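What's in entry.csv: CSV, C-alpha atoms
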```
chain,number,residue,atom,x,y,z
A,3,MET,CA,-18.7,30.5,-33.1
A,4,SER,CA,-15.6,28.6,-34.5
A,5,GLU,CA,-14.5,29.5,-38.0
A,6,ASN,CA,-15.0,25.8,-39.1
A,7,ILE,CA,-17.5,23.1,-38.1
A,8,ILE,CA,-17.2,19.4,-38.9
A,9,TYR,CA,-20.2,17.2,-38.4
A,10,CYS,CA,-19.0,13.7,-37.7
A,11,TYR,CA,-20.5,10.3,-37.4
A,12,SER,CA,-18.1,7.6,-36.0
A,13,GLY,CA,-18.7,4.1,-34.8
A,14,ALA,CA,-15.2,2.6,-34.2
A,15,GLY,CA,-13.5,6.0,-33.9
A,16,HIS,CA,-11.9,6.2,-37.4
A,17,CYS,CA,-14.0,9.0,-38.7
A,18,LEU,CA,-13.6,11.0,-35.5
A,19,ASP,CA,-9.8,10.4,-35.8
A,20,MET,CA,-9.9,11.8,-39.4
A,21,ALA,CA,-12.1,14.7,-38.3
A,22,LYS,CA,-9.6,15.6,-35.6
A,23,LYS,CA,-6.6,15.4,-38.0
A,24,ILE,CA,-8.4,17.6,-40.6
A,25,ALA,CA,-9.4,20.0,-37.8
A,26,LYS,CA,-5.8,20.4,-36.7
A,27,VAL,CA,-4.9,21.4,-40.3
A,28,LEU,CA,-7.7,24.0,-40.3
A,29,GLY,CA,-7.5,25.2,-36.8
A,30,ASP,CA,-10.4,26.8,-34.8
A,31,THR,CA,-12.8,23.9,-35.5
A,32,ASP,CA,-15.8,22.5,-33.7
A,33,ILE,CA,-16.4,18.8,-34.3
A,34,VAL,CA,-20.1,18.2,-33.7
A,35,MET,CA,-21.0,14.5,-33.3
A,36,MET,CA,-23.9,13.0,-35.1
A,37,ARG,CA,-24.3,9.7,-33.3
A,38,ARG,CA,-27.3,11.5,-31.7
A,39,PHE,CA,-29.1,14.7,-32.8
A,40,PRO,CA,-26.3,17.3,-33.2
A,41,ALA,CA,-25.9,19.6,-30.2
A,42,LYS,CA,-25.3,22.5,-32.7
A,43,THR,CA,-27.4,22.8,-35.9
A,44,ASP,CA,-26.8,26.5,-36.5
A,45,ALA,CA,-23.7,26.7,-38.6
A,46,THR,CA,-24.5,30.0,-40.3
A,47,GLU,CA,-21.5,31.8,-38.9
A,48,ALA,CA,-19.0,29.1,-40.0
A,49,LYS,CA,-16.7,29.8,-43.0
A,50,ARG,CA,-16.3,26.1,-43.7
A,51,VAL,CA,-18.8,23.3,-42.9
A,52,GLY,CA,-17.8,19.7,-43.3
A,53,PHE,CA,-19.3,16.2,-42.9
A,54,ILE,CA,-17.2,13.1,-42.1
A,55,PHE,CA,-18.9,9.7,-41.8
A,56,SER,CA,-18.6,6.0,-42.6
A,57,CYS,CA,-20.3,4.1,-45.3
A,58,MET,CA,-22.9,1.8,-43.8
A,59,ALA,CA,-24.5,-0.9,-46.1
A,60,GLY,CA,-23.9,1.4,-49.0
A,61,GLY,CA,-25.6,4.4,-47.5
A,62,LEU,CA,-25.5,6.9,-44.6
A,63,PRO,CA,-25.2,5.6,-41.1
A,64,GLY,CA,-27.8,6.1,-38.4
A,65,ASP,CA,-30.1,9.1,-38.8
A,66,VAL,CA,-27.3,11.2,-40.4
A,67,GLU,CA,-29.5,12.1,-43.4
A,68,GLU,CA,-32.2,13.6,-41.3
A,69,PHE,CA,-29.6,15.4,-39.0
A,70,VAL,CA,-28.0,17.0,-42.1
A,71,LYS,CA,-31.3,18.3,-43.2
A,72,ALA,CA,-31.7,20.1,-39.9
A,73,ILE,CA,-28.4,22.0,-40.1
A,74,ARG,CA,-28.4,25.6,-41.2
A,75,ILE,CA,-25.5,26.8,-43.3
A,76,ALA,CA,-24.8,30.3,-44.6
A,77,PRO,CA,-25.3,30.7,-48.4
A,78,GLY,CA,-21.6,31.6,-49.0
A,79,ALA,CA,-20.1,28.9,-46.8
A,80,TYR,CA,-17.6,26.3,-48.2
A,81,LYS,CA,-19.1,22.8,-47.8
A,82,PHE,CA,-17.1,19.6,-47.9
A,83,ALA,CA,-17.6,15.9,-47.1
A,84,VAL,CA,-15.4,12.9,-46.5
A,85,GLU,CA,-16.6,9.3,-46.4
A,86,GLN,CA,-14.6,6.3,-45.1
A,87,TYR,CA,-15.5,2.9,-46.5
A,88,ALA,CA,-14.1,-0.6,-46.8
A,89,GLY,CA,-14.9,-2.2,-50.2
A,90,TYR,CA,-17.2,0.4,-51.9
A,91,LEU,CA,-18.0,4.1,-51.8
A,92,GLY,CA,-21.7,3.8,-51.6
A,93,CYS,CA,-24.3,6.6,-52.1
A,94,GLY,CA,-23.7,8.6,-48.8
A,95,LEU,CA,-21.7,11.4,-50.5
A,96,HIS,CA,-24.4,11.8,-53.1
A,97,LYS,CA,-27.1,12.0,-50.5
A,98,ILE,CA,-25.2,14.7,-48.6
A,99,ASP,CA,-24.5,16.6,-51.8
A,100,LYS,CA,-28.2,16.6,-52.6
A,101,ILE,CA,-28.9,18.3,-49.3
A,102,VAL,CA,-26.1,20.9,-49.0
A,103,ASP,CA,-24.5,21.2,-52.5
A,104,LEU,CA,-21.0,20.2,-51.7
A,105,ASP,CA,-18.0,22.2,-53.0
A,106,TYR,CA,-15.5,19.4,-52.3
A,107,TRP,CA,-15.7,15.7,-51.5
A,108,ASP,CA,-13.4,12.7,-51.1
A,109,GLY,CA,-13.7,9.0,-50.2
A,110,VAL,CA,-11.1,7.1,-48.3
A,111,SER,CA,-10.8,3.3,-48.1
A,112,ASN,CA,-10.0,2.2,-44.6
A,113,HIS,CA,-9.2,-1.0,-42.7
A,114,SER,CA,-12.7,-2.6,-42.2
A,115,THR,CA,-14.4,-2.4,-38.9
A,116,ALA,CA,-17.5,-4.2,-40.1
A,117,ILE,CA,-16.4,-7.5,-38.5
A,118,TRP,CA,-19.9,-9.0,-38.7
A,119,LEU,CA,-19.6,-8.7,-42.5
A,120,MET,CA,-15.9,-9.4,-43.3
A,121,PRO,CA,-12.7,-10.1,-41.6
A,122,HIS,CA,-10.2,-7.3,-41.8
A,123,ASN,CA,-8.0,-9.0,-44.4
A,124,LEU,CA,-10.8,-8.9,-46.9
A,125,THR,CA,-10.9,-5.1,-47.0
A,126,LEU,CA,-10.4,-3.8,-50.5
A,127,ALA,CA,-7.6,-3.2,-51.0
A,128,PRO,CA,-6.2,-5.4,-48.1
A,129,GLN,CA,-4.5,-3.3,-45.5
A,130,SER,CA,-3.0,-4.0,-42.1
A,131,PRO,CA,-4.0,-1.7,-39.2
A,132,ASP,CA,-0.6,0.0,-39.3
A,133,LYS,CA,-0.7,0.6,-43.1
A,134,SER,CA,-4.2,1.9,-42.8
A,135,ALA,CA,-3.3,4.3,-40.1
A,136,LYS,CA,-0.4,5.8,-42.0
A,137,ARG,CA,-2.6,6.1,-45.1
A,138,ILE,CA,-5.3,7.9,-43.2
A,139,GLU,CA,-2.7,10.3,-41.8
A,140,ARG,CA,-1.5,11.1,-45.3
A,141,LYS,CA,-5.1,11.5,-46.6
A,142,ALA,CA,-6.2,13.7,-43.7
A,143,MET,CA,-3.3,16.1,-44.3
A,144,GLU,CA,-4.1,16.1,-48.1
A,145,ILE,CA,-7.8,16.7,-47.5
A,146,GLY,CA,-7.2,19.2,-44.8
A,147,GLY,CA,-4.9,21.2,-47.1
A,148,ALA,CA,-7.5,21.1,-49.9
A,149,VAL,CA,-10.3,22.3,-47.5
A,150,ARG,CA,-8.1,25.0,-46.1
A,151,ALA,CA,-7.5,26.3,-49.6
A,152,MET,CA,-11.2,25.9,-50.4
A,153,LYS,CA,-10.5,23.6,-53.3
A,154,LYS,CA,-13.5,22.7,-55.6
A,155,SER,CA,-14.1,19.2,-56.8
A,156,GLU,CA,-14.3,18.8,-60.6
A,157,LYS,CA,-17.4,16.7,-60.5
A,158,LYS,CA,-20.3,15.7,-58.2
A,159,PRO,CA,-20.2,12.5,-56.1
A,160,PRO,CA,-21.5,9.4,-58.0
A,161,LYS,CA,-25.2,8.6,-57.5
A,162,GLN,CA,-24.6,4.8,-56.9
A,163,ALA,CA,-28.3,3.9,-57.3
A,164,ALA,CA,-27.8,0.3,-56.4
A,165,PHE,CA,-26.4,1.1,-53.0
A,166,ALA,CA,-29.2,3.5,-52.4
A,167,LEU,CA,-31.6,0.6,-52.7
A,168,MET,CA,-29.4,-1.6,-50.5
A,169,SER,CA,-29.3,1.0,-47.7
A,170,LYS,CA,-33.1,1.2,-47.6
A,171,GLY,CA,-33.3,-2.2,-46.0
A,172,LEU,CA,-30.7,-1.4,-43.4
A,173,GLY,CA,-33.1,-1.0,-40.5
A,174,LYS,CA,-34.6,-4.4,-40.8
A,175,THR,CA,-31.1,-5.9,-41.0
A,176,HIS,CA,-30.1,-4.3,-37.7
A,177,VAL,CA,-33.2,-5.6,-36.0
A,178,LYS,CA,-32.4,-9.1,-37.1
A,179,ARG,CA,-28.8,-8.9,-36.2
A,180,VAL,CA,-29.2,-7.5,-32.7
A,181,LYS,CA,-31.1,-10.7,-31.8
A,182,THR,CA,-27.8,-12.5,-32.2
A,183,PHE,CA,-25.8,-10.2,-29.9
A,184,ALA,CA,-24.3,-12.3,-27.0
A,185,VAL,CA,-22.0,-11.6,-24.0
A,186,ASN,CA,-19.5,-14.2,-22.9
A,187,ASN,CA,-18.1,-14.7,-19.4
A,188,ASP,CA,-15.2,-12.3,-20.0
A,189,CYS,CA,-17.7,-9.4,-19.4
A,190,ILE,CA,-16.7,-7.4,-16.3
A,191,GLY,CA,-19.9,-5.3,-16.1
A,192,CYS,CA,-18.1,-2.0,-16.8
A,193,GLY,CA,-21.1,-0.6,-18.7
A,194,THR,CA,-19.0,0.9,-21.5
A,195,CYS,CA,-21.3,-0.6,-24.1
A,196,ALA,CA,-24.4,1.0,-22.5
A,197,LYS,CA,-22.7,4.4,-22.2
A,198,LEU,CA,-21.7,4.3,-25.9
A,199,CYS,CA,-25.0,3.2,-27.4
A,200,PRO,CA,-26.4,6.2,-29.3
A,201,ARG,CA,-30.0,4.9,-29.0
A,202,GLY,CA,-29.9,3.8,-25.4
A,203,ASN,CA,-30.5,0.3,-26.7
A,204,ILE,CA,-28.3,-1.4,-24.1
A,205,GLU,CA,-29.3,-1.7,-20.4
A,206,MET,CA,-27.2,-3.1,-17.6
A,207,ARG,CA,-29.0,-5.6,-15.5
A,208,GLY,CA,-27.2,-7.5,-12.8
A,209,GLY,CA,-23.9,-6.3,-14.2
A,210,ARG,CA,-24.6,-7.7,-17.7
A,211,PRO,CA,-25.7,-5.8,-20.8
A,212,ILE,CA,-29.2,-6.5,-22.2
A,213,PHE,CA,-29.7,-5.6,-25.8
A,214,GLY,CA,-33.0,-4.1,-27.1
A,215,THR,CA,-34.1,-3.9,-30.8
A,216,ASP,CA,-33.4,-0.3,-31.6
A,217,CYS,CA,-29.9,-0.8,-33.1
A,218,ILE,CA,-28.4,1.3,-35.9
A,219,GLY,CA,-25.4,-1.0,-36.3
A,220,CYS,CA,-22.6,1.4,-35.2
A,221,LEU,CA,-20.9,-1.6,-33.5
A,222,SER,CA,-19.3,0.7,-30.9
A,223,CYS,CA,-20.3,-1.7,-28.2
A,224,VAL,CA,-18.5,-4.6,-30.0
A,225,GLN,CA,-15.4,-2.6,-30.9
A,226,PHE,CA,-14.8,-0.7,-27.6
A,227,CYS,CA,-15.6,-3.5,-25.1
A,228,PRO,CA,-12.4,-3.7,-23.1
A,229,LYS,CA,-12.6,-7.5,-22.9
A,230,ALA,CA,-14.0,-8.2,-26.4
A,231,ALA,CA,-16.8,-9.9,-24.6
A,232,ILE,CA,-19.6,-8.9,-27.0
A,233,ASN,CA,-20.2,-11.0,-30.1
A,234,ILE,CA,-22.6,-11.1,-33.0
A,235,GLY,CA,-23.5,-14.7,-33.1
A,236,LYS,CA,-20.4,-16.8,-33.7
A,237,ILE,CA,-19.1,-14.9,-36.6
A,238,THR,CA,-17.1,-12.3,-34.6
A,239,GLU,CA,-15.7,-14.7,-32.0
A,240,LYS,CA,-12.3,-15.1,-33.7
A,241,ARG,CA,-12.2,-11.8,-35.5
A,242,GLU,CA,-10.0,-8.9,-34.5
A,243,ARG,CA,-11.5,-5.8,-32.9
A,244,PHE,CA,-10.3,-2.6,-34.4
A,245,PRO,CA,-11.3,0.5,-32.4
A,246,ASN,CA,-9.2,3.5,-33.4
A,247,PRO,CA,-6.1,3.7,-31.2
A,248,ASN,CA,-6.3,7.5,-31.2
A,249,VAL,CA,-9.9,7.7,-30.0
A,250,LYS,CA,-11.2,6.8,-26.5
A,251,ALA,CA,-14.7,5.4,-26.0
A,252,THR,CA,-15.5,8.6,-24.0
A,253,ASP,CA,-14.6,10.8,-27.0
A,254,LEU,CA,-17.6,9.3,-28.9
A,255,THR,CA,-20.0,10.5,-26.3
A,256,GLU,CA,-18.8,14.1,-26.4
A,257,PRO,CA,-21.4,16.3,-28.1
A,258,ILE,CA,-18.8,18.8,-29.4
A,259,ILE,CA,-15.0,18.6,-29.5
A,260,HIS,CA,-13.1,21.8,-30.1
A,261,ILE,CA,-9.7,21.8,-31.9
A,262,ASP,CA,-7.7,25.0,-31.9
```
Take the structure in this file and express it as structure tokens.
Amino acid sequence: MSENIIYCYSGAGHCLDMAKKIAKVLGDTDIVMMRRFPAKTDATEAKRVGFIFSCMAGGLPGDVEEFVKAIRIAPGAYKFAVEQYAGYLGCGLHKIDKIVDLDYWDGVSNHSTAIWLMPHNLTLAPQSPDKSAKRIERKAMEIGGAVRAMKKSEKKPPKQAAFALMSKGLGKTHVKRVKTFAVNNDCIGCGTCAKLCPRGNIEMRGGRPIFGTDCIGCLSCVQFCPKAAINIGKITEKRERFPNPNVKATDLTEPIIHID
């Protein structure tokens, strides 16, 4: 068992990139992915247990809330969480705190990957990909140092009740949106999208992806398509993709990543 465990949900790779950076500061860390049910839920031997995830429609992404409830943590372990968001913090940190009673938390604004919702230059505050990457590097070192020292936050994460209500309707939104997914003629039939989908919602038929209705909105298929051939209606056709440059598509499918 590693001394530290970080449970991570990542769609475009940015949360996984941060998890890796924090893990390097801590050393001896297992990063357990939460795109699917975690491969390791027994964290009772870990000294520090963390959660790193993105804000999705004001709440937690995918089935993260249920996954966290299944994780066993030793009573004396240090617990922390980091949320990455575009324009607003949302209620995800509060939800995690209610389950595990966090010792430390932080929220980090990042260059937006929600290209169905907003172009990147509308991220609050506006940031270029380069500026965002440098800021994330600084924040990861800062947070990693705080976690290593087992720093305690002075207050609990904000409840953000309005965002809790917003996130409840997320499932219906994804079902509607997935009906607008389309693949253009740039598709090379590589199957990256199908391999990435955490729900197995994409099937390759005749060298082309076919989308089902069980979508959690991670947008990994859109972000990591090597030819930018997948679009959500017409809104994303002229919008920049922004998969994390330090994360490969195959990294997202690894159940556990160890960092010494």
| field | Selection near Asp262 (chain A), 8 Å with only C-alpha atoms, sequence-local residues under 3 positions removed, as a PyMOL selection string | value | chain A and resi 25-26+29-31
Residues around (-22.5, -15.1, -23.3), cut-off 10 Å, counting only C-alpha atoms - what are they as a PDB file with C-alpha atoms, keeping the file's coordinate frame?
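The resulting out-v8.pdb:
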```pdb
ATOM      1  CA  PHE A 183     -25.800 -10.200 -29.900  1.00  0.00           C
ATOM      2  CA  ALA A 184     -24.300 -12.300 -27.000  1.00  0.00           C
ATOM      3  CA  VAL A 185     -22.000 -11.600 -24.000  1.00  0.00           C
ATOM      4  CA  ASN A 186     -19.500 -14.200 -22.900  1.00  0.00           C
ATOM      5  CA  ASN A 187     -18.100 -14.700 -19.400  1.00  0.00           C
ATOM      6  CA  ASP A 188     -15.200 -12.300 -20.000  1.00  0.00           C
ATOM      7  CA  CYS A 189     -17.700  -9.400 -19.400  1.00  0.00           C
ATOM      8  CA  ARG A 210     -24.600  -7.700 -17.700  1.00  0.00           C
ATOM      9  CA  ALA A 231     -16.800  -9.900 -24.600  1.00  0.00           C
ATOM     10  CA  ILE A 232     -19.600  -8.900 -27.000  1.00  0.00           C
ATOM     11  CA  ASN A 233     -20.200 -11.000 -30.100  1.00  0.00           C
ATOM     12  CA  GLY A 235     -23.500 -14.700 -33.100  1.00  0.00           C
TER      13      GLY A 235
END
```
| So how far away is CA of Leu18 (chain A) from CA of Ser134 (chain A), in Å? |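 Straight-line distance from CA of Ser134 (chain A) to CA of Leu18 (chain A) works out to 15.0 Å.
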| field | Counting all atoms listed in the file, the option among A:Asp65, A:Ile24, A:Arg179, A:Ala142 closest to Ile237 (chain A) | value |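 That would be A:Arg179, the residue with the smallest distance to Ile237 (chain A).
Nearest-residue note for Val110 (chain A): choosing from A:Arg140, A:Lys161, A:Lys229, A:Lys42, the minimum distance belongs to A:Arg140, counting only C-alpha atoms.
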Neighbour list for Arg37 (chain A) as a PDB file with C-alpha atoms, in the coordinates of the input, cut-off 10 Å, all atoms listed in the file, skip fewer than 5 positions in-chain:
```
ATOM      1  CA  TYR A   9     -20.200  17.200 -38.400  1.00  0.00           C
ATOM      2  CA  CYS A  10     -19.000  13.700 -37.700  1.00  0.00           C
ATOM      3  CA  TYR A  11     -20.500  10.300 -37.400  1.00  0.00           C
ATOM      4  CA  SER A  12     -18.100   7.600 -36.000  1.00  0.00           C
ATOM      5  CA  GLY A  13     -18.700   4.100 -34.800  1.00  0.00           C
ATOM      6  CA  PRO A  63     -25.200   5.600 -41.100  1.00  0.00           C
ATOM      7  CA  GLY A  64     -27.800   6.100 -38.400  1.00  0.00           C
ATOM      8  CA  ASP A  65     -30.100   9.100 -38.800  1.00  0.00           C
ATOM      9  CA  VAL A  66     -27.300  11.200 -40.400  1.00  0.00           C
ATOM     10  CA  PHE A  69     -29.600  15.400 -39.000  1.00  0.00           C
ATOM     11  CA  LEU A 198     -21.700   4.300 -25.900  1.00  0.00           C
ATOM     12  CA  CYS A 199     -25.000   3.200 -27.400  1.00  0.00           C
ATOM     13  CA  PRO A 200     -26.400   6.200 -29.300  1.00  0.00           C
ATOM     14  CA  ARG A 201     -30.000   4.900 -29.000  1.00  0.00           C
ATOM     15  CA  ILE A 218     -28.400   1.300 -35.900  1.00  0.00           C
ATOM     16  CA  CYS A 220     -22.600   1.400 -35.200  1.00  0.00           C
ATOM     17  CA  LEU A 254     -17.600   9.300 -28.900  1.00  0.00           C
ATOM     18  CA  THR A 255     -20.000  10.500 -26.300  1.00  0.00           C
ATOM     19  CA  GLU A 256     -18.800  14.100 -26.400  1.00  0.00           C
ATOM     20  CA  PRO A 257     -21.400  16.300 -28.100  1.00  0.00           C
TER      21      PRO A 257
END
```
| said: Please report the interatomic distance between CA of Glu156 (chain A) and CA of Phe53 (chain A) in Å with one decimal. | reply: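 If I compute the distance from CA of Glu156 (chain A) to CA of Phe53 (chain A), I get 18.6 Å.
The two atoms in question, CA of His16 (chain A) and CA of Lys158 (chain A), are spaced 24.4 Å apart.
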| remark: Judged by only C-alpha atoms, the minimum distance to Ile212 (chain A) among A:Ile75, A:Ala196, A:Val224, A:Ile190 is found for A:Ala196
| task | Name the residues in contact with Ile54 (chain A) at a cut-off of 6 Å, using all atoms listed in the file, excluding same-chain residues fewer than 3 positions from it; report them as a PyMOL selection string. | result | chain A and resi 10+83-85
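Distances to Pro160 (chain A) were evaluated for A:Gly52, A:Gly15, A:Gly92, A:Pro247 using all atoms listed in the file, and the minimum falls at A:Gly92.
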